[in-house]
file upload-v3.txt (compact mmCIF, C-alpha atoms and all ligand atoms)
# COMPACT_ATOMS: atom_id res chain seq x y z
CA MET A 1 -14.60 62.06 52.34
CA SER A 2 -10.96 62.04 51.34
CA TYR A 3 -9.52 60.06 48.45
CA ARG A 4 -6.11 58.79 47.45
CA CYS A 5 -4.67 58.25 43.98
CA ARG A 6 -4.81 54.54 43.14
CA ILE A 7 -1.41 54.76 41.43
CA CYS A 8 0.76 56.82 43.80
CA GLN A 9 -1.39 57.16 46.97
CA SER A 10 -1.26 61.00 46.94
CA PRO A 11 -4.42 62.77 48.19
CA VAL A 12 -6.75 63.63 45.28
CA LEU A 13 -9.80 65.92 45.10
CA PRO A 14 -12.57 65.40 42.51
CA PHE A 15 -12.86 68.47 40.27
CA MET A 16 -16.57 67.80 39.59
CA SER A 17 -19.41 65.35 40.06
CA PHE A 18 -21.54 63.93 37.25
CA GLY A 19 -24.04 62.99 39.95
CA ARG A 20 -25.73 59.73 40.78
CA MET A 21 -24.89 57.11 38.14
CA PRO A 22 -26.05 53.57 37.46
CA ILE A 23 -23.62 50.94 36.10
CA ALA A 24 -23.35 51.80 32.40
CA ASN A 25 -24.08 48.30 31.10
CA ALA A 26 -26.67 47.32 33.73
CA PHE A 27 -29.79 47.26 31.53
CA LEU A 28 -32.92 46.39 33.52
CA ARG A 29 -35.04 43.46 32.38
CA SER A 30 -38.26 44.45 34.21
CA LYS A 31 -39.84 47.31 36.15
CA ALA A 32 -39.49 45.19 39.29
CA GLU A 33 -35.72 45.81 39.10
CA PHE A 34 -36.10 49.62 39.27
CA GLU A 35 -36.35 49.69 43.07
CA THR A 36 -33.14 47.79 43.72
CA GLU A 37 -31.08 49.50 41.00
CA TYR A 38 -27.50 50.22 42.09
CA PHE A 39 -26.12 53.76 41.93
CA TYR A 40 -22.76 55.38 42.73
CA GLU A 41 -21.53 58.97 42.45
CA LEU A 42 -19.41 59.60 39.37
CA LYS A 43 -16.59 61.91 40.46
CA PRO A 44 -13.42 62.31 38.37
CA ALA A 45 -10.11 63.67 39.68
CA LEU A 46 -6.65 64.43 38.38
CA CYS A 47 -3.84 63.28 40.67
CA PRO A 48 -1.72 66.40 41.32
CA VAL A 49 1.43 64.26 41.59
CA CYS A 50 1.33 61.46 38.96
CA LYS A 51 -1.28 63.26 36.75
CA CYS A 52 -3.47 60.17 36.42
CA PHE A 53 -7.10 60.97 35.48
CA GLN A 54 -9.29 58.66 37.55
CA ILE A 55 -12.75 58.06 39.01
CA VAL A 56 -12.42 58.31 42.79
CA GLU A 57 -15.34 56.06 43.81
CA ILE A 58 -15.97 52.90 41.88
CA PRO A 59 -18.54 50.16 42.36
CA ARG A 60 -17.25 46.77 43.46
CA PRO A 61 -16.12 44.64 40.48
CA GLU A 62 -18.97 42.16 40.98
CA GLN A 63 -21.42 45.04 40.39
CA MET A 64 -19.75 45.83 37.06
CA PHE A 65 -18.55 42.59 35.52
CA HIS A 66 -21.36 40.12 36.05
CA ASP A 67 -22.63 37.33 33.79
CA HIS A 68 -24.71 39.67 31.62
CA TYR A 69 -21.55 41.58 30.78
CA ALA A 70 -20.31 39.29 28.05
CA TYR A 71 -18.71 41.46 25.40
CA PHE A 72 -17.33 39.55 22.44
CA ALA A 73 -14.90 41.89 20.70
CA SER A 74 -14.89 40.01 17.37
CA THR A 75 -18.54 40.86 16.67
CA SER A 76 -17.22 44.19 15.33
CA ALA A 77 -15.76 43.73 11.82
CA VAL A 78 -14.14 47.16 12.03
CA MET A 79 -12.28 46.27 15.23
CA SER A 80 -11.32 42.82 13.88
CA ARG A 81 -9.61 44.52 10.91
CA HIS A 82 -8.03 47.12 13.19
CA PHE A 83 -6.41 44.51 15.47
CA ALA A 84 -5.38 42.31 12.52
CA ALA A 85 -3.47 45.30 11.10
CA MET A 86 -1.96 45.98 14.54
CA ALA A 87 -0.79 42.34 14.84
CA GLU A 88 0.94 42.48 11.43
CA ASP A 89 2.70 45.71 12.41
CA LEU A 90 3.84 44.30 15.77
CA LYS A 91 5.18 41.12 14.14
CA LYS A 92 7.43 43.23 11.91
CA ARG A 93 8.54 45.56 14.69
CA TYR A 94 9.10 43.24 17.63
CA MET A 95 8.64 39.57 16.71
CA THR A 96 11.59 39.02 14.37
CA GLY A 97 13.77 36.85 16.65
CA PRO A 98 13.62 33.03 16.93
CA ASP A 99 10.75 31.38 18.86
CA CYS A 100 9.06 34.64 19.87
CA PHE A 101 6.37 34.66 22.56
CA VAL A 102 3.44 37.11 22.66
CA THR A 103 1.06 37.60 25.61
CA GLU A 104 -2.09 39.65 25.98
CA ILE A 105 -4.10 40.79 29.01
CA GLY A 106 -7.88 40.98 28.57
CA SER A 107 -7.43 38.97 25.37
CA ASN A 108 -11.22 38.63 25.04
CA ASP A 109 -12.33 36.18 22.34
CA GLY A 110 -8.90 36.18 20.67
CA ILE A 111 -9.61 39.11 18.34
CA THR A 112 -5.89 40.07 18.34
CA LEU A 113 -4.08 36.83 19.21
CA GLN A 114 -5.84 34.82 16.49
CA ASN A 115 -3.58 36.72 14.06
CA PHE A 116 -0.54 35.25 15.83
CA ALA A 117 -2.08 31.80 16.38
CA ARG A 118 -2.71 31.54 12.64
CA ASP A 119 1.01 31.44 11.84
CA LYS A 120 1.84 29.22 14.82
CA THR A 121 3.56 31.96 16.85
CA ARG A 122 3.85 31.07 20.54
CA HIS A 123 1.15 33.06 22.32
CA LEU A 124 -0.91 33.18 25.49
CA GLY A 125 -4.01 35.20 26.26
CA ILE A 126 -4.95 36.07 29.85
CA GLU A 127 -8.69 36.58 30.16
CA PRO A 128 -10.66 36.67 33.44
CA SER A 129 -14.11 36.10 31.90
CA ALA A 130 -14.60 32.32 31.57
CA ASN A 131 -17.15 32.25 28.71
CA VAL A 132 -15.14 34.75 26.64
CA ALA A 133 -11.91 32.77 27.26
CA GLU A 134 -13.72 29.64 26.05
CA ALA A 135 -14.68 31.40 22.80
CA ALA A 136 -10.99 32.21 22.23
CA ARG A 137 -9.90 28.60 22.84
CA ALA A 138 -12.52 27.41 20.36
CA LYS A 139 -10.66 29.47 17.72
CA GLY A 140 -7.33 27.86 18.63
CA VAL A 141 -6.09 30.78 20.74
CA GLN A 142 -4.24 29.55 23.88
CA THR A 143 -5.93 31.29 26.79
CA LEU A 144 -5.39 31.29 30.54
CA ASN A 145 -8.59 32.03 32.46
CA ALA A 146 -7.10 34.33 35.15
CA PHE A 147 -6.53 37.88 36.37
CA PHE A 148 -3.06 39.22 35.58
CA GLY A 149 -0.65 40.24 38.34
CA VAL A 150 2.65 39.21 39.90
CA GLU A 151 1.62 35.59 40.62
CA THR A 152 0.16 35.01 37.15
CA ALA A 153 3.30 36.54 35.58
CA LYS A 154 5.56 34.17 37.57
CA GLN A 155 3.40 31.21 36.56
CA ILE A 156 3.60 32.17 32.86
CA VAL A 157 7.39 32.66 33.00
CA ALA A 158 7.81 29.24 34.71
CA GLU A 159 5.73 27.49 32.05
CA HIS A 160 6.56 29.43 28.87
CA GLY A 161 9.59 31.66 29.57
CA ASN A 162 9.76 35.45 29.27
CA ALA A 163 7.71 37.29 26.68
CA ASP A 164 8.79 39.46 23.76
CA LEU A 165 5.48 41.26 23.70
CA PHE A 166 2.71 42.08 26.19
CA ILE A 167 -0.45 43.59 24.68
CA ALA A 168 -3.24 45.46 26.51
CA THR A 169 -5.99 46.95 24.34
CA ASN A 170 -9.06 48.59 25.90
CA THR A 171 -8.14 46.92 29.18
CA MET A 172 -5.95 49.21 31.27
CA HIS A 173 -8.76 51.71 31.83
CA HIS A 174 -10.79 49.25 33.89
CA ILE A 175 -8.17 47.48 36.00
CA GLU A 176 -8.14 48.99 39.46
CA ASP A 177 -4.68 47.82 40.58
CA ILE A 178 -2.40 49.14 37.83
CA ASN A 179 0.67 48.69 40.06
CA ALA A 180 0.02 44.93 40.21
CA VAL A 181 -0.18 44.77 36.40
CA ALA A 182 2.97 46.87 35.93
CA ALA A 183 4.90 44.71 38.45
CA GLY A 184 3.67 41.64 36.54
CA VAL A 185 4.81 43.12 33.21
CA ASP A 186 8.26 43.77 34.71
CA ILE A 187 8.49 40.07 35.65
CA LEU A 188 7.05 38.76 32.40
CA LEU A 189 8.93 40.73 29.73
CA LYS A 190 12.38 39.89 28.39
CA PRO A 191 14.98 42.69 28.88
CA THR A 192 14.24 43.78 25.30
CA GLY A 193 10.50 43.07 25.60
CA VAL A 194 7.81 45.59 24.65
CA MET A 195 4.40 46.38 26.07
CA ILE A 196 1.67 47.75 23.79
CA GLN A 197 -1.28 49.56 25.32
CA GLU A 198 -4.17 51.10 23.39
CA ASP A 199 -7.29 52.77 24.77
CA PRO A 200 -9.33 56.00 24.63
CA TYR A 201 -7.00 58.98 25.00
CA LEU A 202 -7.37 61.72 27.59
CA GLY A 203 -6.16 64.33 25.10
CA ASP A 204 -9.12 63.64 22.78
CA MET A 205 -11.59 63.58 25.66
CA VAL A 206 -10.42 66.96 26.98
CA GLU A 207 -9.98 68.61 23.57
CA ASP A 208 -13.40 67.48 22.30
CA CYS A 209 -15.29 67.62 25.63
CA ALA A 210 -16.26 63.98 25.02
CA TYR A 211 -17.15 63.52 28.69
CA ASP A 212 -19.15 60.36 27.90
CA GLN A 213 -15.83 58.46 28.02
CA VAL A 214 -16.08 58.83 31.80
CA TYR A 215 -17.94 56.01 33.56
CA ALA A 216 -17.12 53.41 36.18
CA GLU A 217 -15.76 50.83 33.74
CA HIS A 218 -13.42 53.57 32.46
CA MET A 219 -11.97 54.30 35.89
CA TYR A 220 -8.82 55.69 34.25
CA ILE A 221 -8.46 57.72 31.07
CA TRP A 222 -4.78 57.57 30.18
CA SER A 223 -2.33 60.16 28.89
CA ILE A 224 1.33 59.63 27.97
CA THR A 225 2.37 61.66 31.00
CA ALA A 226 0.31 59.58 33.45
CA LEU A 227 1.30 56.26 31.88
CA ASN A 228 4.99 57.19 32.06
CA ASN A 229 4.58 58.02 35.75
CA ALA A 230 2.61 54.84 36.55
CA PHE A 231 4.93 52.44 34.69
CA GLY A 232 8.06 54.44 35.54
CA ARG A 233 7.60 53.13 39.09
CA HIS A 234 8.26 49.66 37.63
CA GLY A 235 11.21 50.47 35.35
CA LEU A 236 9.24 50.98 32.13
CA GLU A 237 8.73 54.00 29.87
CA VAL A 238 6.83 55.03 26.75
CA PHE A 239 9.17 55.28 23.73
CA HIS A 240 6.66 55.62 20.86
CA VAL A 241 2.98 56.48 20.34
CA GLU A 242 0.45 56.25 17.50
CA HIS A 243 -2.94 57.94 17.50
CA ASN A 244 -6.12 56.62 15.82
CA ASP A 245 -9.77 57.66 15.62
CA HIS A 246 -11.47 54.57 17.05
CA HIS A 247 -13.91 55.10 19.95
CA GLY A 248 -13.60 58.87 19.42
CA GLY A 249 -9.79 58.89 19.70
CA CYS A 250 -7.36 56.28 20.99
CA MET A 251 -3.64 56.30 21.69
CA ARG A 252 -1.41 53.27 21.13
CA TYR A 253 1.54 53.40 23.53
CA HIS A 254 4.76 51.41 23.03
CA LEU A 255 6.61 50.83 26.32
CA GLY A 256 10.00 49.27 26.98
CA ARG A 257 12.47 49.11 29.83
CA LYS A 258 13.96 52.52 30.65
CA GLY A 259 16.77 53.46 28.29
CA GLN A 260 16.37 50.30 26.19
CA ARG A 261 14.97 51.95 23.05
CA PRO A 262 15.32 55.45 21.59
CA SER A 263 12.23 57.63 21.93
CA SER A 264 10.52 58.50 18.65
CA PRO A 265 9.80 61.93 17.11
CA GLU A 266 6.08 61.02 17.30
CA LEU A 267 6.41 60.72 21.09
CA ALA A 268 8.07 64.13 21.38
CA ALA A 269 5.32 65.72 19.26
CA ALA A 270 2.52 64.05 21.25
CA LEU A 271 4.08 65.12 24.57
CA ALA A 272 4.30 68.70 23.31
CA LYS A 273 0.58 68.51 22.43
CA GLU A 274 -0.21 67.25 25.96
CA GLN A 275 1.60 70.30 27.34
CA GLN A 276 -0.33 72.57 25.01
CA LEU A 277 -3.67 70.99 26.06
CA GLY A 278 -2.65 71.35 29.73
CA LEU A 279 -3.50 67.71 30.50
CA ASP A 280 -1.32 67.86 33.64
CA ARG A 281 -2.80 71.11 35.02
CA ALA A 282 -5.71 71.48 37.45
CA GLU A 283 -7.15 74.58 35.72
CA THR A 284 -7.72 72.55 32.53
CA TYR A 285 -10.26 70.46 34.43
CA VAL A 286 -11.98 73.47 36.03
CA ARG A 287 -12.61 74.61 32.46
CA PHE A 288 -13.58 71.04 31.43
CA LYS A 289 -16.29 71.05 34.11
CA GLN A 290 -17.70 74.34 32.75
CA ARG A 291 -17.65 72.91 29.22
CA CYS A 292 -19.54 69.79 30.42
CA GLU A 293 -22.21 72.05 31.95
CA GLU A 294 -22.50 74.11 28.76
CA SER A 295 -22.68 70.90 26.70
CA ARG A 296 -25.50 69.56 28.91
CA ASP A 297 -27.51 72.82 28.71
CA ARG A 298 -27.17 72.97 24.95
CA LEU A 299 -28.25 69.34 24.46
CA MET A 300 -31.31 69.76 26.68
CA SER A 301 -32.33 72.95 24.88
CA LEU A 302 -32.12 71.16 21.50
CA ILE A 303 -34.25 68.24 22.75
CA ASP A 304 -36.72 70.60 24.48
CA GLY A 305 -37.02 72.60 21.25
CA TYR A 306 -38.27 69.51 19.40
CA LYS A 307 -40.58 68.50 22.24
CA LYS A 308 -42.20 71.98 22.39
CA GLN A 309 -43.12 71.63 18.72
CA GLY A 310 -44.78 68.29 19.49
CA LYS A 311 -42.09 66.39 17.59
CA ARG A 312 -40.92 62.87 18.40
CA VAL A 313 -37.38 62.34 19.64
CA ALA A 314 -35.69 58.99 20.20
CA GLY A 315 -32.19 57.74 21.04
CA TYR A 316 -29.89 55.80 18.70
CA GLY A 317 -27.41 53.35 20.25
CA ALA A 318 -27.78 52.35 23.91
CA THR A 319 -24.00 52.52 24.31
CA ALA A 320 -22.21 52.25 27.64
CA LYS A 321 -21.18 55.87 27.31
CA SER A 322 -24.80 56.99 26.76
CA ALA A 323 -25.41 56.30 30.47
CA THR A 324 -23.15 59.21 31.44
CA VAL A 325 -24.86 61.63 29.00
CA ILE A 326 -28.40 60.53 29.88
CA ASN A 327 -27.96 60.62 33.65
CA TRP A 328 -25.78 63.76 33.78
CA CYS A 329 -28.14 65.72 31.52
CA GLY A 330 -31.31 64.38 33.16
CA ILE A 331 -32.78 62.84 29.99
CA THR A 332 -36.00 60.96 30.86
CA PRO A 333 -38.65 58.86 29.05
CA GLY A 334 -40.45 62.23 28.69
CA HIS A 335 -37.62 63.40 26.41
CA LEU A 336 -36.88 60.21 24.46
CA ASP A 337 -39.64 57.74 23.59
CA TRP A 338 -37.12 54.90 23.32
CA ILE A 339 -33.53 54.10 22.35
CA GLN A 340 -32.91 51.73 19.48
CA ASP A 341 -29.99 49.30 19.69
CA SER A 342 -28.85 46.45 17.45
CA THR A 343 -27.49 44.30 20.34
CA PRO A 344 -30.13 41.60 21.06
CA ALA A 345 -29.14 41.40 24.78
CA LYS A 346 -30.06 45.08 25.24
CA GLN A 347 -33.40 44.95 23.41
CA ASN A 348 -36.66 44.89 25.40
CA THR A 349 -34.87 46.27 28.47
CA PHE A 350 -34.80 49.64 30.20
CA ALA A 351 -31.75 51.92 30.06
CA PRO A 352 -29.89 52.16 33.38
CA GLY A 353 -30.93 55.11 35.58
CA SER A 354 -33.37 56.77 33.14
CA HIS A 355 -35.47 53.63 32.47
CA ILE A 356 -36.02 54.71 28.86
CA PRO A 357 -37.16 51.58 26.93
CA VAL A 358 -34.53 50.01 24.66
CA VAL A 359 -35.96 48.60 21.42
CA ALA A 360 -34.81 46.74 18.30
CA PRO A 361 -33.91 48.56 15.03
CA GLU A 362 -37.20 47.36 13.46
CA HIS A 363 -39.02 49.64 15.91
CA PHE A 364 -37.05 52.62 14.57
CA ARG A 365 -38.00 51.70 11.00
CA ALA A 366 -41.69 51.24 11.89
CA ASN A 367 -41.94 54.41 14.02
CA PRO A 368 -39.43 56.87 12.57
CA PRO A 369 -38.85 59.81 14.97
CA ASP A 370 -38.38 63.41 13.83
CA ALA A 371 -34.97 63.49 15.51
CA ALA A 372 -32.66 60.95 17.14
CA VAL A 373 -29.94 61.59 19.70
CA LEU A 374 -26.94 59.74 18.28
CA PHE A 375 -25.32 58.25 21.39
CA ALA A 376 -23.14 56.05 19.12
CA TRP A 377 -21.65 59.24 17.62
CA ASN A 378 -18.28 57.61 17.02
CA HIS A 379 -19.94 55.43 14.34
CA PHE A 380 -21.60 58.43 12.65
CA LYS A 381 -20.49 57.63 9.08
CA GLU A 382 -21.64 54.00 9.08
CA ILE A 383 -24.92 54.76 10.86
CA ASP A 384 -25.75 57.79 8.72
CA ALA A 385 -25.24 55.67 5.58
CA LYS A 386 -27.44 52.91 7.03
CA GLU A 387 -30.34 55.28 7.82
CA VAL A 388 -30.32 57.05 4.46
CA ALA A 389 -34.08 56.54 3.90
CA TRP A 390 -34.96 58.14 7.23
CA ARG A 391 -32.53 61.00 6.54
CA LYS A 392 -34.09 61.62 3.09
CA ALA A 393 -37.51 61.76 4.76
CA GLY A 394 -36.22 64.60 6.97
CA GLY A 395 -34.86 62.72 9.99
CA LYS A 396 -32.28 64.71 11.97
CA TRP A 397 -29.42 63.63 14.21
CA ILE A 398 -28.83 65.39 17.51
CA MET A 399 -25.14 65.05 18.40
CA PRO A 400 -24.96 64.72 22.22
CA VAL A 401 -21.32 65.56 23.01
CA ARG A 402 -18.30 67.25 21.41
CA LYS A 403 -20.01 69.75 19.05
CA VAL A 404 -23.60 69.52 20.36
CA GLU A 405 -25.72 70.26 17.28
CA VAL A 406 -28.47 69.11 14.93
CA VAL A 407 -27.19 67.63 11.66
ZN ZN B 501 -1.11 59.73 41.62
call {"tool": "encode", "arguments": {"input": "upload-v3.txt", "output": "structure tokens"}}
result
Amino acid sequence: MSYRCRICQSPVLPFMSFGRMPIANAFLRSKAEFETEYFYELKPALCPVCKCFQIVEIPRPEQMFHDHYAYFASTSAVMSRHFAAMAEDLKKRYMTGPDCFVTEIGSNDGITLQNFARDKTRHLGIEPSANVAEAARAKGVQTLNAFFGVETAKQIVAEHGNADLFIATNTMHHIEDINAVAAGVDILLKPTGVMIQEDPYLGDMVEDCAYDQVYAEHMYIWSITALNNAFGRHGLEVFHVEHNDHHGGCMRYHLGRKGQRPSSPELAAALAKEQQLGLDRAETYVRFKQRCEESRDRLMSLIDGYKKQGKRVAGYGATAKSATVINWCGITPGHLDWIQDSTPAKQNTFAPGSHIPVVAPEHFRANPPDAAVLFAWNHFKEIDAKEVAWRKAGGKWIMPVRKVEVV
């Protein structure tokens, strides 16, 4: 099987396989669904030419984004505050002219645009999921229920004019045709317009060996180098970056038309760090594969250690990224009795691939395990504070990726 880079069409070779994977958010409602469960092979590659980190085989979109997959971003208070702060910063930086117009792809339930709608700034969200788009409109956020590309961009320009700002947060890692989006951005933006992208950063994933960022819905993990190459094909370039710790490490990229804005010292420093990490070099990923194998062996030996002593181990947080850890490491219902999750839609289901039962938090309280694998490790501080009683009674966390350890 030969593969081509989805950005530049160069031949690419996967540097490893995480094996047979289910769709990360495809929780099974009954045992009858086990037999027809859908699997694909999770194989990442680095394009040797444009340096884009990508999954070479992806399930068809209808397998991934079905009706059950209704994620409402605003349910997270932390993320609501994060995007409110971002909106205020962007207003000051880029929305100072008269009658400014802001657009957002994958605008979800209006978590970001509501901060512009509130002070009557002209805005338009572009959201392909109908029920999520409806939730945004109910908040007074203008939303077009569509996929974004060249045609949608032309339609928006005809109806509203060119945009000062185009925002894409946690979106560009799951859009297959990046060239179509970039061509659309080129049409949509004013000559001085700016694009803001923010999503999990390849530098953090490689540095920390946080391989659970890799799953089908994250078909790309972006770096500055790769984004510059992808958008450079459409006349755009990164001129500034800001790093934050959400989701285990995100980068916010500021892009403008080539030569339009001076590049910042922060960009130069972050590019130097990318060089130092070797994000553009094949040998970095040979080593990454070895580190993933070591991480898996260490996690399984920690879980097995508890099981051999007859102790009870459970999972905490049936996150999308837990599917990669569970299925790559071979974690079964024999290892974890259940996984607790606070999302009602996931409760009383079976985790994809492993079929470990997913239960409500009350089950955790009623049947406290000796140790819990913290799949939602990026929320460690909040969760650890919430489970203080269990911790005082001797409960231990097993950290599944990055530094794999008992805490
Ligand atoms: Zn490429």
call {"tool": "residues_around", "arguments": {"input": "upload-v3.txt", "residues": "region 336-342 of chain A", "least_positions_apart": "6", "cutoff": "10 Å", "atoms": "all atoms listed in the file", "output": "CSV table (one decimal) with C-alpha atoms, in the frame of the given file"}}
result
chain,number,residue,atom,x,y,z
A,303,ILE,CA,-34.2,68.2,22.8
A,307,LYS,CA,-40.6,68.5,22.2
A,312,ARG,CA,-40.9,62.9,18.4
A,313,VAL,CA,-37.4,62.3,19.6
A,314,ALA,CA,-35.7,59.0,20.2
A,315,GLY,CA,-32.2,57.7,21.0
A,316,TYR,CA,-29.9,55.8,18.7
A,317,GLY,CA,-27.4,53.4,20.2
A,318,ALA,CA,-27.8,52.4,23.9
A,319,THR,CA,-24.0,52.5,24.3
A,348,ASN,CA,-36.7,44.9,25.4
A,350,PHE,CA,-34.8,49.6,30.2
A,351,ALA,CA,-31.8,51.9,30.1
A,354,SER,CA,-33.4,56.8,33.1
A,355,HIS,CA,-35.5,53.6,32.5
A,356,ILE,CA,-36.0,54.7,28.9
A,357,PRO,CA,-37.2,51.6,26.9
A,358,VAL,CA,-34.5,50.0,24.7
A,359,VAL,CA,-36.0,48.6,21.4
A,360,ALA,CA,-34.8,46.7,18.3
A,361,PRO,CA,-33.9,48.6,15.0
A,362,GLU,CA,-37.2,47.4,13.5
A,363,HIS,CA,-39.0,49.6,15.9
A,364,PHE,CA,-37.0,52.6,14.6
A,365,ARG,CA,-38.0,51.7,11.0
A,369,PRO,CA,-38.8,59.8,15.0
A,371,ALA,CA,-35.0,63.5,15.5
A,372,ALA,CA,-32.7,61.0,17.1
A,373,VAL,CA,-29.9,61.6,19.7
A,374,LEU,CA,-26.9,59.7,18.3
A,375,PHE,CA,-25.3,58.2,21.4
A,376,ALA,CA,-23.1,56.0,19.1
call {"tool": "closest_residue", "arguments": {"input": "upload-v3.txt", "among": "A:Gly203, A:Asp212, A:Met219, A:Ile58", "to": "Ala272 (chain A)", "atoms": "all atoms listed in the file"}}
result
A:Gly203
call {"tool": "closest_atom_pairs", "arguments": {"input": "upload-v3.txt", "of": "chain A", "to": "ligand ZN 501 (chain B)", "cutoff": "9 Å", "atoms": "only C-alpha atoms and all ligand atoms", "output": "CSV"}}
result
residue,atom,partner,partner_atom,distance
A:Arg4,CA,B:ZN501,ZN,7.7
A:Cys5,CA,B:ZN501,ZN,4.5
A:Arg6,CA,B:ZN501,ZN,6.6
A:Ile7,CA,B:ZN501,ZN,5.0
A:Cys8,CA,B:ZN501,ZN,4.1
A:Gln9,CA,B:ZN501,ZN,5.9
A:Ser10,CA,B:ZN501,ZN,5.5
A:Pro11,CA,B:ZN501,ZN,8.0
A:Val12,CA,B:ZN501,ZN,7.8
A:Leu46,CA,B:ZN501,ZN,8.0
A:Cys47,CA,B:ZN501,ZN,4.6
A:Pro48,CA,B:ZN501,ZN,6.7
A:Val49,CA,B:ZN501,ZN,5.2
A:Cys50,CA,B:ZN501,ZN,4.0
A:Lys51,CA,B:ZN501,ZN,6.0
A:Cys52,CA,B:ZN501,ZN,5.7
A:Phe53,CA,B:ZN501,ZN,8.7
A:Ala226,CA,B:ZN501,ZN,8.3
A:Asn229,CA,B:ZN501,ZN,8.4
A:Ala230,CA,B:ZN501,ZN,8.0
call {"tool": "write_last_selection", "arguments": {"input": "upload-v3.txt", "atoms": "C-alpha atoms", "output": "compact mmCIF listing (two decimals), in the coordinates of the input"}}
result
# COMPACT_ATOMS: atom_id res chain seq x y z
CA ARG A 4 -6.11 58.79 47.45
CA CYS A 5 -4.67 58.25 43.98
CA ARG A 6 -4.81 54.54 43.14
CA ILE A 7 -1.41 54.76 41.43
CA CYS A 8 0.76 56.82 43.80
CA GLN A 9 -1.39 57.16 46.97
CA SER A 10 -1.26 61.00 46.94
CA PRO A 11 -4.42 62.77 48.19
CA VAL A 12 -6.75 63.63 45.28
CA LEU A 46 -6.65 64.43 38.38
CA CYS A 47 -3.84 63.28 40.67
CA PRO A 48 -1.72 66.40 41.32
CA VAL A 49 1.43 64.26 41.59
CA CYS A 50 1.33 61.46 38.96
CA LYS A 51 -1.28 63.26 36.75
CA CYS A 52 -3.47 60.17 36.42
CA PHE A 53 -7.10 60.97 35.48
CA ALA A 226 0.31 59.58 33.45
CA ASN A 229 4.58 58.02 35.75
CA ALA A 230 2.61 54.84 36.55
call {"tool": "residues_around", "arguments": {"input": "upload-v3.txt", "residues": "region 231-247 of chain A", "least_positions_apart": "4", "cutoff": "10 Å", "atoms": "only C-alpha atoms", "output": "MDAnalysis selection string"}}
result
chainID A and resid 7:8 78:79 82 178:187 194:201 204 213 224:227 251:271 376:379
call {"tool": "atom_distance", "arguments": {"input": "upload-v3.txt", "atom1": "CA of Asp384 (chain A)", "atom2": "CA of Gly310 (chain A)"}}
result
24.3 Å
call {"tool": "atom_distance", "arguments": {"input": "upload-v3.txt", "atom1": "CA of Tyr3 (chain A)", "atom2": "CA of Lys289 (chain A)"}}
result
19.3 Å
call {"tool": "closest_residue", "arguments": {"input": "upload-v3.txt", "among": "A:Ala320, A:Ala130, A:Ala45, A:Ala146", "to": "Lys346 (chain A)", "atoms": "all atoms listed in the file"}}
result
A:Ala320
call {"tool": "atom_distance", "arguments": {"input": "upload-v3.txt", "atom1": "CA of Ala168 (chain A)", "atom2": "CA of Glu104 (chain A)"}}
result
5.9 Å
call {"tool": "residues_around", "arguments": {"input": "upload-v3.txt", "residues": "Thr121 (chain A)", "least_positions_apart": "2", "cutoff": "9 Å", "atoms": "only C-alpha atoms", "output": "list in words"}}
result
Asp99, Cys100, Phe101, Val102, Phe116, Ala117, Arg118, Asp119 and His123 of chain A
call {"tool": "closest_residue", "arguments": {"input": "upload-v3.txt", "among": "A:Met95, A:Met1, A:Leu13, A:Val401", "to": "Tyr285 (chain A)", "atoms": "only C-alpha atoms"}}
result
A:Leu13
call {"tool": "axis_aligned_box", "arguments": {"input": "upload-v3.txt", "around": "region 243-258 of chain A", "padding_each_side": "4 Å", "output": "AutoDock Vina command-line options"}}
result
--center_x 0.0 --center_y 54.0 --center_z 23.1 --size_x 35.9 --size_y 17.8 --size_z 23.0
call {"tool": "build_atoms", "arguments": {"input": "upload-v3.txt", "residues": "region 315-323 of chain A", "atoms": "N, CA and C atoms", "output": "mmCIF file, in the coordinates of the input"}}
result
data_model
loop_
_atom_site.group_PDB
_atom_site.id
_atom_site.type_symbol
_atom_site.label_atom_id
_atom_site.label_comp_id
_atom_site.auth_asym_id
_atom_site.auth_seq_id
_atom_site.Cartn_x
_atom_site.Cartn_y
_atom_site.Cartn_z
ATOM 1 N N GLY A 315 -33.643 57.887 20.898
ATOM 2 C CA GLY A 315 -32.190 57.740 21.040
ATOM 3 C C GLY A 315 -31.708 56.670 20.081
ATOM 4 N N TYR A 316 -30.449 56.784 19.632
ATOM 5 C CA TYR A 316 -29.890 55.800 18.700
ATOM 6 C C TYR A 316 -28.592 55.269 19.281
ATOM 7 N N GLY A 317 -28.608 53.973 19.678
ATOM 8 C CA GLY A 317 -27.410 53.350 20.250
ATOM 9 C C GLY A 317 -27.387 53.442 21.760
ATOM 10 N N ALA A 318 -27.797 52.372 22.439
ATOM 11 C CA ALA A 318 -27.780 52.350 23.910
ATOM 12 C C ALA A 318 -26.374 51.952 24.384
ATOM 13 N N THR A 319 -25.413 52.798 24.011
ATOM 14 C CA THR A 319 -24.000 52.520 24.310
ATOM 15 C C THR A 319 -23.726 52.667 25.800
ATOM 16 N N ALA A 320 -22.607 52.083 26.235
ATOM 17 C CA ALA A 320 -22.210 52.250 27.640
ATOM 18 C C ALA A 320 -22.043 53.726 27.959
ATOM 19 N N LYS A 321 -21.439 54.466 27.011
ATOM 20 C CA LYS A 321 -21.180 55.870 27.310
ATOM 21 C C LYS A 321 -22.450 56.720 27.312
ATOM 22 N N SER A 322 -23.544 56.216 26.718
ATOM 23 C CA SER A 322 -24.800 56.990 26.760
ATOM 24 C C SER A 322 -25.305 57.146 28.188
ATOM 25 N N ALA A 323 -24.938 56.217 29.079
ATOM 26 C CA ALA A 323 -25.410 56.300 30.470
ATOM 27 C C ALA A 323 -24.924 57.582 31.136
#
